[in-house]
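Structure file model.cif (mmCIF, C-alpha atoms) is printed below.
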data_entry
loop_
_atom_site.group_PDB
_atom_site.id
_atom_site.type_symbol
_atom_site.label_atom_id
_atom_site.label_comp_id
_atom_site.auth_asym_id
_atom_site.auth_seq_id
_atom_site.Cartn_x
_atom_site.Cartn_y
_atom_site.Cartn_z
ATOM 1 C CA PRO M 1 68.232 106.778 136.609
ATOM 2 C CA GLN M 2 70.662 105.188 139.059
ATOM 3 C CA ALA M 3 70.425 101.834 137.283
ATOM 4 C CA GLY M 4 71.092 103.588 133.974
ATOM 5 C CA ARG M 5 74.164 105.335 135.375
ATOM 6 C CA ALA M 6 75.410 102.075 136.873
ATOM 7 C CA ALA M 7 74.901 100.291 133.538
ATOM 8 C CA MET M 8 76.850 103.022 131.741
ATOM 9 C CA ALA M 9 79.645 102.798 134.306
ATOM 10 C CA VAL M 10 79.857 99.026 133.793
ATOM 11 C CA ALA M 11 79.804 99.459 130.003
ATOM 12 C CA HIS M 12 82.646 102.008 130.189
ATOM 13 C CA LEU M 13 84.636 99.705 132.465
ATOM 14 C CA LEU M 14 84.159 96.735 130.131
ATOM 15 C CA TYR M 15 85.137 98.817 127.100
ATOM 16 C CA GLY M 16 88.235 100.019 128.978
ATOM 17 C CA ILE M 17 89.206 96.435 129.767
ATOM 18 C CA TYR M 18 88.618 95.447 126.131
ATOM 19 C CA GLY M 19 90.701 98.395 124.860
ATOM 20 C CA LEU M 20 93.529 97.528 127.235
ATOM 21 C CA ALA M 21 93.408 93.887 126.103
ATOM 22 C CA VAL M 22 93.597 94.901 122.425
ATOM 23 C CA PHE M 23 96.526 97.201 123.110
ATOM 24 C CA THR M 24 98.327 94.614 125.238
ATOM 25 C CA LEU M 25 97.927 91.836 122.685
ATOM 26 C CA LEU M 26 99.466 94.014 119.963
ATOM 27 C CA ALA M 27 102.048 95.771 122.144
ATOM 28 C CA LEU M 28 104.349 92.802 122.706
ATOM 29 C CA PRO M 29 104.708 91.715 119.068
ATOM 30 C CA SER M 30 105.019 95.362 118.003
ATOM 31 C CA TRP M 31 107.732 95.960 120.599
ATOM 32 C CA ILE M 32 109.657 92.857 119.488
ATOM 33 C CA PHE M 33 109.433 93.715 115.778
ATOM 34 C CA THR M 34 110.417 97.306 116.567
ATOM 35 C CA ALA M 35 113.427 96.268 118.650
ATOM 36 C CA LEU M 36 114.578 93.896 115.894
ATOM 37 C CA ALA M 37 113.893 96.258 112.975
ATOM 38 C CA PRO M 38 116.938 96.997 110.816
ATOM 39 C CA ASN M 39 116.292 100.767 110.915
ATOM 40 C CA PRO M 40 113.832 103.326 112.305
ATOM 41 C CA ALA M 41 111.901 103.585 109.023
ATOM 42 C CA ALA M 42 111.196 99.836 109.076
ATOM 43 C CA ALA M 43 110.179 100.047 112.742
ATOM 44 C CA TRP M 44 107.877 102.945 111.829
ATOM 45 C CA ARG M 45 106.137 100.875 109.138
ATOM 46 C CA VAL M 46 105.520 97.995 111.569
ATOM 47 C CA ASN M 47 104.097 100.357 114.176
ATOM 48 C CA ARG M 48 101.964 102.190 111.627
ATOM 49 C CA VAL M 49 100.196 98.920 110.786
ATOM 50 C CA ALA M 50 99.877 97.970 114.476
ATOM 51 C CA ALA M 51 98.482 101.421 115.339
ATOM 52 C CA ARG M 52 95.842 101.144 112.631
ATOM 53 C CA ILE M 53 94.854 97.690 113.900
ATOM 54 C CA VAL M 54 94.567 98.946 117.495
ATOM 55 C CA LEU M 55 92.356 101.854 116.454
ATOM 56 C CA LYS M 56 90.164 99.599 114.311
ATOM 57 C CA LEU M 57 89.737 96.895 116.959
ATOM 58 C CA ALA M 58 89.109 99.495 119.675
ATOM 59 C CA GLY M 59 86.282 100.901 117.571
ATOM 60 C CA ILE M 60 87.868 104.342 117.421
ATOM 61 C CA PRO M 61 86.711 106.117 114.255
ATOM 62 C CA PHE M 62 89.835 107.168 112.384
ATOM 63 C CA THR M 63 90.148 109.213 109.235
ATOM 64 C CA VAL M 64 93.107 111.190 107.972
ATOM 65 C CA SER M 65 92.923 114.365 105.947
ATOM 66 C CA GLY M 66 95.511 116.950 105.031
ATOM 67 C CA VAL M 67 98.408 114.546 104.497
ATOM 68 C CA GLU M 68 98.898 116.182 101.115
ATOM 69 C CA ASN M 69 99.944 119.341 102.974
ATOM 70 C CA LEU M 70 103.022 117.674 104.434
ATOM 71 C CA PRO M 71 106.059 118.890 102.527
ATOM 72 C CA GLY M 72 108.168 116.378 100.647
ATOM 73 C CA VAL M 73 111.235 117.676 102.483
ATOM 74 C CA PRO M 74 112.214 117.312 106.146
ATOM 75 C CA CYS M 75 109.902 119.273 108.410
ATOM 76 C CA VAL M 76 108.799 119.704 111.995
ATOM 77 C CA MET M 77 105.296 118.455 112.771
ATOM 78 C CA VAL M 78 103.753 119.849 115.962
ATOM 79 C CA ALA M 79 100.708 118.289 117.642
ATOM 80 C CA ASN M 80 98.717 118.831 120.810
ATOM 81 C CA HIS M 81 99.078 116.110 123.425
ATOM 82 C CA CYS M 82 95.856 115.209 125.238
ATOM 83 C CA SER M 83 95.906 111.424 125.735
ATOM 84 C CA TYR M 84 97.871 108.195 125.490
ATOM 85 C CA VAL M 85 96.236 107.642 122.111
ATOM 86 C CA ASP M 86 98.042 110.642 120.547
ATOM 87 C CA GLY M 87 101.198 108.732 119.647
ATOM 88 C CA ILE M 88 99.193 105.808 118.300
ATOM 89 C CA ALA M 89 97.059 108.141 116.158
ATOM 90 C CA LEU M 90 100.136 109.879 114.744
ATOM 91 C CA LEU M 91 101.802 106.563 113.955
ATOM 92 C CA ALA M 92 98.631 105.485 112.143
ATOM 93 C CA ALA M 93 98.212 108.783 110.285
ATOM 94 C CA LEU M 94 101.652 109.891 109.162
ATOM 95 C CA PRO M 95 102.640 108.336 105.834
ATOM 96 C CA THR M 96 106.408 108.498 106.355
ATOM 97 C CA HIS M 97 108.867 108.164 109.202
ATOM 98 C CA PHE M 98 109.000 111.037 111.673
ATOM 99 C CA SER M 99 111.459 111.019 114.528
ATOM 100 C CA PHE M 100 109.458 111.813 117.660
ATOM 101 C CA VAL M 101 110.982 114.116 120.244
ATOM 102 C CA ALA M 102 110.702 112.559 123.710
ATOM 103 C CA LYS M 103 111.648 113.599 127.211
ATOM 104 C CA ARG M 104 115.053 112.429 128.384
ATOM 105 C CA GLU M 105 113.455 110.684 131.374
ATOM 106 C CA TYR M 106 112.394 107.857 129.043
ATOM 107 C CA LEU M 107 116.054 106.842 128.762
ATOM 108 C CA ASP M 108 115.821 105.639 132.370
ATOM 109 C CA HIS M 109 113.146 103.032 131.487
ATOM 110 C CA THR M 110 114.678 100.098 129.610
ATOM 111 C CA LEU M 111 111.614 98.854 127.706
ATOM 112 C CA VAL M 112 110.522 102.356 126.695
ATOM 113 C CA ARG M 113 114.092 103.370 125.789
ATOM 114 C CA ILE M 114 114.640 100.348 123.517
ATOM 115 C CA TYR M 115 111.312 100.937 121.771
ATOM 116 C CA LEU M 116 111.751 104.679 121.256
ATOM 117 C CA GLN M 117 115.394 104.388 120.174
ATOM 118 C CA ALA M 118 114.426 101.735 117.604
ATOM 119 C CA LEU M 119 111.821 104.181 116.256
ATOM 120 C CA GLY M 120 114.562 106.829 115.969
ATOM 121 C CA ALA M 121 113.261 109.085 118.743
ATOM 122 C CA GLN M 122 115.276 112.137 119.736
ATOM 123 C CA PHE M 123 115.574 112.723 123.475
ATOM 124 C CA VAL M 124 115.612 116.157 125.095
ATOM 125 C CA GLU M 125 116.254 117.506 128.555
ATOM 126 C CA ARG M 126 113.309 119.441 129.986
ATOM 127 C CA PHE M 127 114.681 120.818 133.233
ATOM 128 C CA ASP M 128 118.328 121.830 132.690
ATOM 129 C CA THR M 129 118.139 125.037 130.637
ATOM 130 C CA ARG M 130 121.660 124.793 129.197
ATOM 131 C CA GLN M 131 121.133 121.207 128.087
ATOM 132 C CA SER M 132 117.700 122.105 126.676
ATOM 133 C CA VAL M 133 119.271 124.775 124.479
ATOM 134 C CA GLU M 134 121.947 122.334 123.291
ATOM 135 C CA ASP M 135 119.253 119.765 122.524
ATOM 136 C CA ALA M 136 117.257 122.335 120.524
ATOM 137 C CA GLN M 137 120.360 123.126 118.482
ATOM 138 C CA ARG M 138 120.998 119.416 117.927
ATOM 139 C CA LEU M 139 117.397 118.927 116.760
ATOM 140 C CA ALA M 140 117.725 121.815 114.309
ATOM 141 C CA GLY M 141 120.799 120.064 112.933
ATOM 142 C CA GLU M 142 118.832 116.823 112.567
ATOM 143 C CA VAL M 143 116.211 118.605 110.441
ATOM 144 C CA ARG M 144 118.944 120.204 108.322
ATOM 145 C CA ALA M 145 120.424 116.704 107.902
ATOM 146 C CA GLY M 146 117.131 115.403 106.473
ATOM 147 C CA ILE M 147 115.218 114.017 109.458
ATOM 148 C CA SER M 148 111.587 115.046 109.974
ATOM 149 C CA LEU M 149 110.665 115.621 113.608
ATOM 150 C CA GLY M 150 107.349 115.191 115.404
ATOM 151 C CA LEU M 151 106.857 116.839 118.742
ATOM 152 C CA PHE M 152 104.335 117.717 121.390
ATOM 153 C CA PRO M 153 105.243 121.262 122.509
ATOM 154 C CA GLU M 154 103.176 120.940 125.673
ATOM 155 C CA GLY M 155 105.625 118.249 126.760
ATOM 156 C CA THR M 156 102.998 116.097 128.425
ATOM 157 C CA PHE M 157 99.268 115.949 128.976
ATOM 158 C CA ARG M 158 97.189 116.706 132.003
ATOM 159 C CA ARG M 159 93.723 115.827 133.254
ATOM 160 C CA MET M 160 92.408 119.361 132.733
ATOM 161 C CA SER M 161 91.226 120.251 129.257
ATOM 162 C CA GLY M 162 92.778 122.910 127.067
ATOM 163 C CA LEU M 163 96.285 123.679 125.912
ATOM 164 C CA ALA M 164 99.145 123.586 128.360
ATOM 165 C CA SER M 165 102.051 126.030 128.205
ATOM 166 C CA PHE M 166 104.665 125.631 125.480
ATOM 167 C CA ARG M 167 107.833 123.842 126.618
#
Could you show the structure in this file as structure tokens?
Amino acid sequence: PQAGRAAMAVAHLLYGIYGLAVFTLLALPSWIFTALAPNPAAAWRVNRVAARIVLKLAGIPFTVSGVENLPGVPCVMVANHCSYVDGIALLAALPTHFSFVAKREYLDHTLVRIYLQALGAQFVERFDTRQSVEDAQRLAGEVRAGISLGLFPEGTFRRMSGLASFR
């Protein structure tokens, strides 16, 4: 039994290294194409293809159903957030450009900021209540102006399972 557990641990470690290698090899070209894209919709298309390749090469079974239920007009898509793969899965699944809502803290990280801004992300303050309200009003205006938003209402993910509180 101990040898079996050790073998499984090694297999999981090797798969993790492989998955990280796949992601890393596609991350740099995706980041460059995203940063150079003429608009967020073009950046979205590049990342949609890259996300599908990552999922395929990582051996993650991926099927999409229910896309026909997305309205043809701007909308707000809400998803649970339980892993780093969530954003990749949404990029692979959604047929059209959605502007993700991201925490303002990402603006402090140059590489992440450039990538998310090129994708058309909308940044929100999570800790200053007044600014959070202003950001919510701005986001409502973006939807009225024709931009579809994608957001994770839990704001982040945690190690414990289950839904976190709405933010």
Could the centre and edge lengths of an axis-aligned box, enclosing all atoms of segment 30-35 of chain M in the file with 6 Å extra on each side, be given in Å to one decimal as lines of an AutoDock Vina configuration file?
center_x = 109.2
center_y = 95.1
center_z = 118.2
size_x = 20.4
size_y = 16.4
size_z = 16.8
Test item: the PyMOL selection byres ((chain M and resi 78-90) around 6) resolved as a PyMOL selection string: chain M and resi 51+77+91-94+150-152+157
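Of note, atom CA of Val112 of chain M and atom CA of Thr96 of chain M are spaced 21.6 Å apart.
With distances restricted to all atoms listed in the file, M:Val46 is the closest residue to Pro29 of chain M from M:Ala9, M:Val46, M:Leu57, M:Ile17.
Picture a line from atom CA of Arg52 of chain M to atom CA of Val124 of chain M; it runs 27.8 Å.
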